[in-house]
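> There's a structure below that I have some questions on.
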Amino acid sequence: MNILTAMKERRSVRAYSDKPVSREDIETVIAAAGLAPSAINLQPWEFIVSYGEEKKRLVRRLKKAHAERKVSCGPGTAKPLPQKYAERSRKALAVMEPKISQTGITFNRFIEEGSCSFYGAPIAIIVTIDRVFPAIRYLDMGLSVSYLLLAAHAKGLSTCPIGLIVAYAADIADVLNISSEKEILLGISMGYADETAPVNDFKTGREELSEILGWYE
Ligand SMILES: Cc1cc2nc3c(=O)[nH]c(=O)nc-3n(C[C@H](O)[C@H](O)[C@H](O)COP(=O)(O)O)c2cc1C
């Protein structure tokens with residue numbers, strides 16, 4: 001698949017079929033994530049794959065943690081967003097909400113509970129970085145995650161990056177025995193999309209190029 005096509009087609013998927021994902025495909029996707037460039041080729045990323053009974057155990061713990069602490073979905077900023085970003089968020093909600101409301105539960109509840117269960121995907125991926133690294137290395141992590149999402153798409157697999165679960169990092173570390181030297185940055189659900197689910201029946205737009213590109217000439 002052409003890389004630009006994959007970039008244009010990829011979208012986050014929030015309902016999955018039961019079709020299992022082969023270990024070979026999982027390894028191909030994670031190997032692709034490892035091909036990303038990084039400063040001094042440090043490759044600061046580590047990926048933990050949880051599936052089957054272990055994934056069920058992880059989801060049970062995350063649901064319990066969420067029921068107790070109810071961390072809500074949102075931009076996570078201390079101050080309200082500047083208008084430009086608030087408007088982008090409003091546009092995304094306008095696309096997502098009508099489809100998600102078809103589930104019969106509120107948008108926030110769908111996102112929060114769905115995120116904690118990796119949207120029922122057969123594969124949960126936990127992305128970690130060694131705490132030894134400064135925050136600038138998050139850049140390398142983002143590159144690697146992009147490679148992962150695009151490689152999955154090229155293999156016919158769907159994904160959703162899930163930042164919300166980081167609020168329950170201590171629970172994840174406990175269930176998966178992740179060392180305190182590692183910081184948990186992101187979860188990713190992965191599997192085959194349920195193409196019939198209304199919650200997958202939308203695609204968020206993007207700002208015009210002129211909004212993100214400045215020229216000096
Ligand atoms: C770092 C990051 C964290 C995200 N966290 C969540 C999340 O917790 N739950 C969720 O449903 N989607 C999450 N998303 C998915 C975004 O909502 C999605 O990428 C965005 O709306 C653009 O849509 P698209 O991925 O379909 O292009 C996250 C995406 C990123 C990059």
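We name chains A, B, ... following the order of the structure tokens; residues begin at 1 in each chain, and ligands are numbered from 1 as shown.
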Show me which residues line ligand 1, defined as having an atom within 9 Å of a ligand atom where only C-alpha atoms and all ligand atoms count, and present them as an MDAnalysis selection string.
chainID A and resid 8:14 73:74 89 92:93 96 110:112 114:116 118:119 142 145:146 159:166 185:188 200 202:206
> Report as a Markdown table: every residue of segment 76-164 of chain A with an atom at most 10 Å from segment 39-44 of chain A, its closest pair of atoms, and their distance in Å to one decimal, counting only C-alpha atoms, with rows sorted by chain and ascending residue number.

```
| residue | atom | partner | partner_atom | distance |
| --- | --- | --- | --- | --- |
| A:Thr128 | CA | A:Pro44 | CA | 8.5 |
| A:Ile129 | CA | A:Pro44 | CA | 5.8 |
| A:Asp130 | CA | A:Pro44 | CA | 6.7 |
| A:Arg131 | CA | A:Pro44 | CA | 9.7 |
| A:Val132 | CA | A:Pro44 | CA | 9.5 |
| A:Phe133 | CA | A:Pro44 | CA | 7.8 |
| A:Ile136 | CA | A:Ala39 | CA | 9.8 |
| A:Arg137 | CA | A:Pro44 | CA | 7.4 |
| A:Tyr138 | CA | A:Pro44 | CA | 8.9 |
| A:Leu139 | CA | A:Ala39 | CA | 9.3 |
| A:Asp140 | CA | A:Ala39 | CA | 7.2 |
| A:Met141 | CA | A:Pro44 | CA | 7.1 |
| A:Ser144 | CA | A:Gln43 | CA | 8.7 |
```
> Write the residues of the selection above to a file with C-alpha atoms, as a CSV table (one decimal), in the first residue's frame.

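As written to disk, selection_26.csv reads:
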```
chain,number,residue,atom,x,y,z
A,128,THR,CA,6.4,2.8,27.3
A,129,ILE,CA,9.5,4.9,27.5
A,130,ASP,CA,12.4,4.6,29.9
A,131,ARG,CA,12.2,7.4,32.6
A,132,VAL,CA,15.8,8.1,32.0
A,133,PHE,CA,14.9,10.1,28.9
A,136,ILE,CA,12.0,15.8,24.1
A,137,ARG,CA,12.2,12.0,23.5
A,138,TYR,CA,8.4,11.9,23.4
A,139,LEU,CA,9.0,13.2,19.9
A,140,ASP,CA,10.7,9.9,19.0
A,141,MET,CA,7.8,8.0,20.7
A,144,SER,CA,7.2,5.3,16.4
```
> Between atom CA of Ala135 of chain A and atom CA of Leu35 of chain A, measure the distance and give it in Å to one decimal.
20.7 Å
> Report as a Markdown table: every residue of segment 164-197 of chain A with an atom at most 9 Å from segment 51-65 of chain A, its closest pair of atoms, and their distance in Å to one decimal, counting only C-alpha atoms, with rows sorted by chain and ascending residue number.

```
| residue | atom | partner | partner_atom | distance |
| --- | --- | --- | --- | --- |
| A:Ile165 | CA | A:Leu62 | CA | 7.6 |
| A:Tyr168 | CA | A:Ala65 | CA | 6.8 |
| A:Asp171 | CA | A:Arg61 | CA | 6.9 |
| A:Ile172 | CA | A:Leu58 | CA | 6.9 |
| A:Val175 | CA | A:Leu58 | CA | 6.2 |
| A:Leu176 | CA | A:Leu58 | CA | 7.7 |
```
> Can you check which residues of segment 46-203 of chain A DSSP gives as strand (DSSP E) on the backbone and send them as a list in words?
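Strand (DSSP E) assignments inside segment 46-203 of chain A correspond to Glu46, Phe47, Ile48, Val49, Ser50, Tyr51, Ile123, Ala124, Ile125, Ile126, Val127, Thr128, Ile129, Asp130, Ser158, Thr159, Cys160, Pro161, Ile162, Lys182, Glu183, Ile184, Leu185, Leu186, Gly187, Ile188, Ser189, Met190 and Gly191 of chain A.
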> So that I can check the surroundings of Leu143 of chain A, please list as a ChimeraX atom specification every protein, DNA and RNA residue that reaches within 9 Å of it, counting only C-alpha atoms and ignoring chain neighbours fewer than 6 positions away.
/A:33,36-38
> Which residue is closest to Ala121 of chain A? Choose from A:Arg23, A:Gly191, A:Arg69, A:Asp174 and count only C-alpha atoms.
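Closest to Ala121 of chain A, using only C-alpha atoms: A:Gly191.
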> So which one's closest to Gly120 of chain A, A:Ser189, A:Thr196, A:Ser72, A:Ser50? Using only C-alpha atoms, please.
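Using only C-alpha atoms, Gly120 of chain A sits closest to A:Ser189.
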> Atom CA of Ile125 of chain A and atom CA of Val49 of chain A, how far apart in Å?
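Distance between the two atoms: 4.6 Å.
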> Taking the backbone alone, and naming residues the way the document does, which bits of segment 38-153 of chain A are alpha helix (DSSP H) by DSSP, as an MDAnalysis selection string?
chainID A and resid 52:69 83:100 107:116 138:153
> Report, in Å with one decimal, the straight-line distance from atom CA of Ile30 of chain A to atom CA of Glu195 of chain A.
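Value for the atom CA of Ile30 of chain A-atom CA of Glu195 of chain A distance: 24.0 Å.
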> Just checking: using only C-alpha atoms, which residue out of A:Ala167, A:Ile178, A:Leu148, A:Leu209 ends up closest to Lys70 of chain A?
A:Ala167
> Return the single residue from A:Ser17, A:Ser117, A:Gln83, A:Asn2 that is closest to Leu157 of chain A, with distances computed using only C-alpha atoms.
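The closest residue to Leu157 of chain A is A:Ser17.
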> My list of candidates is A:Lys91, A:Pro198, A:Leu4, A:Tyr85. Which is closest to Thr103 of chain A when distances are computed with only C-alpha atoms?
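Between A:Lys91, A:Pro198, A:Leu4, A:Tyr85, the residue approaching Thr103 of chain A most closely is A:Pro198.
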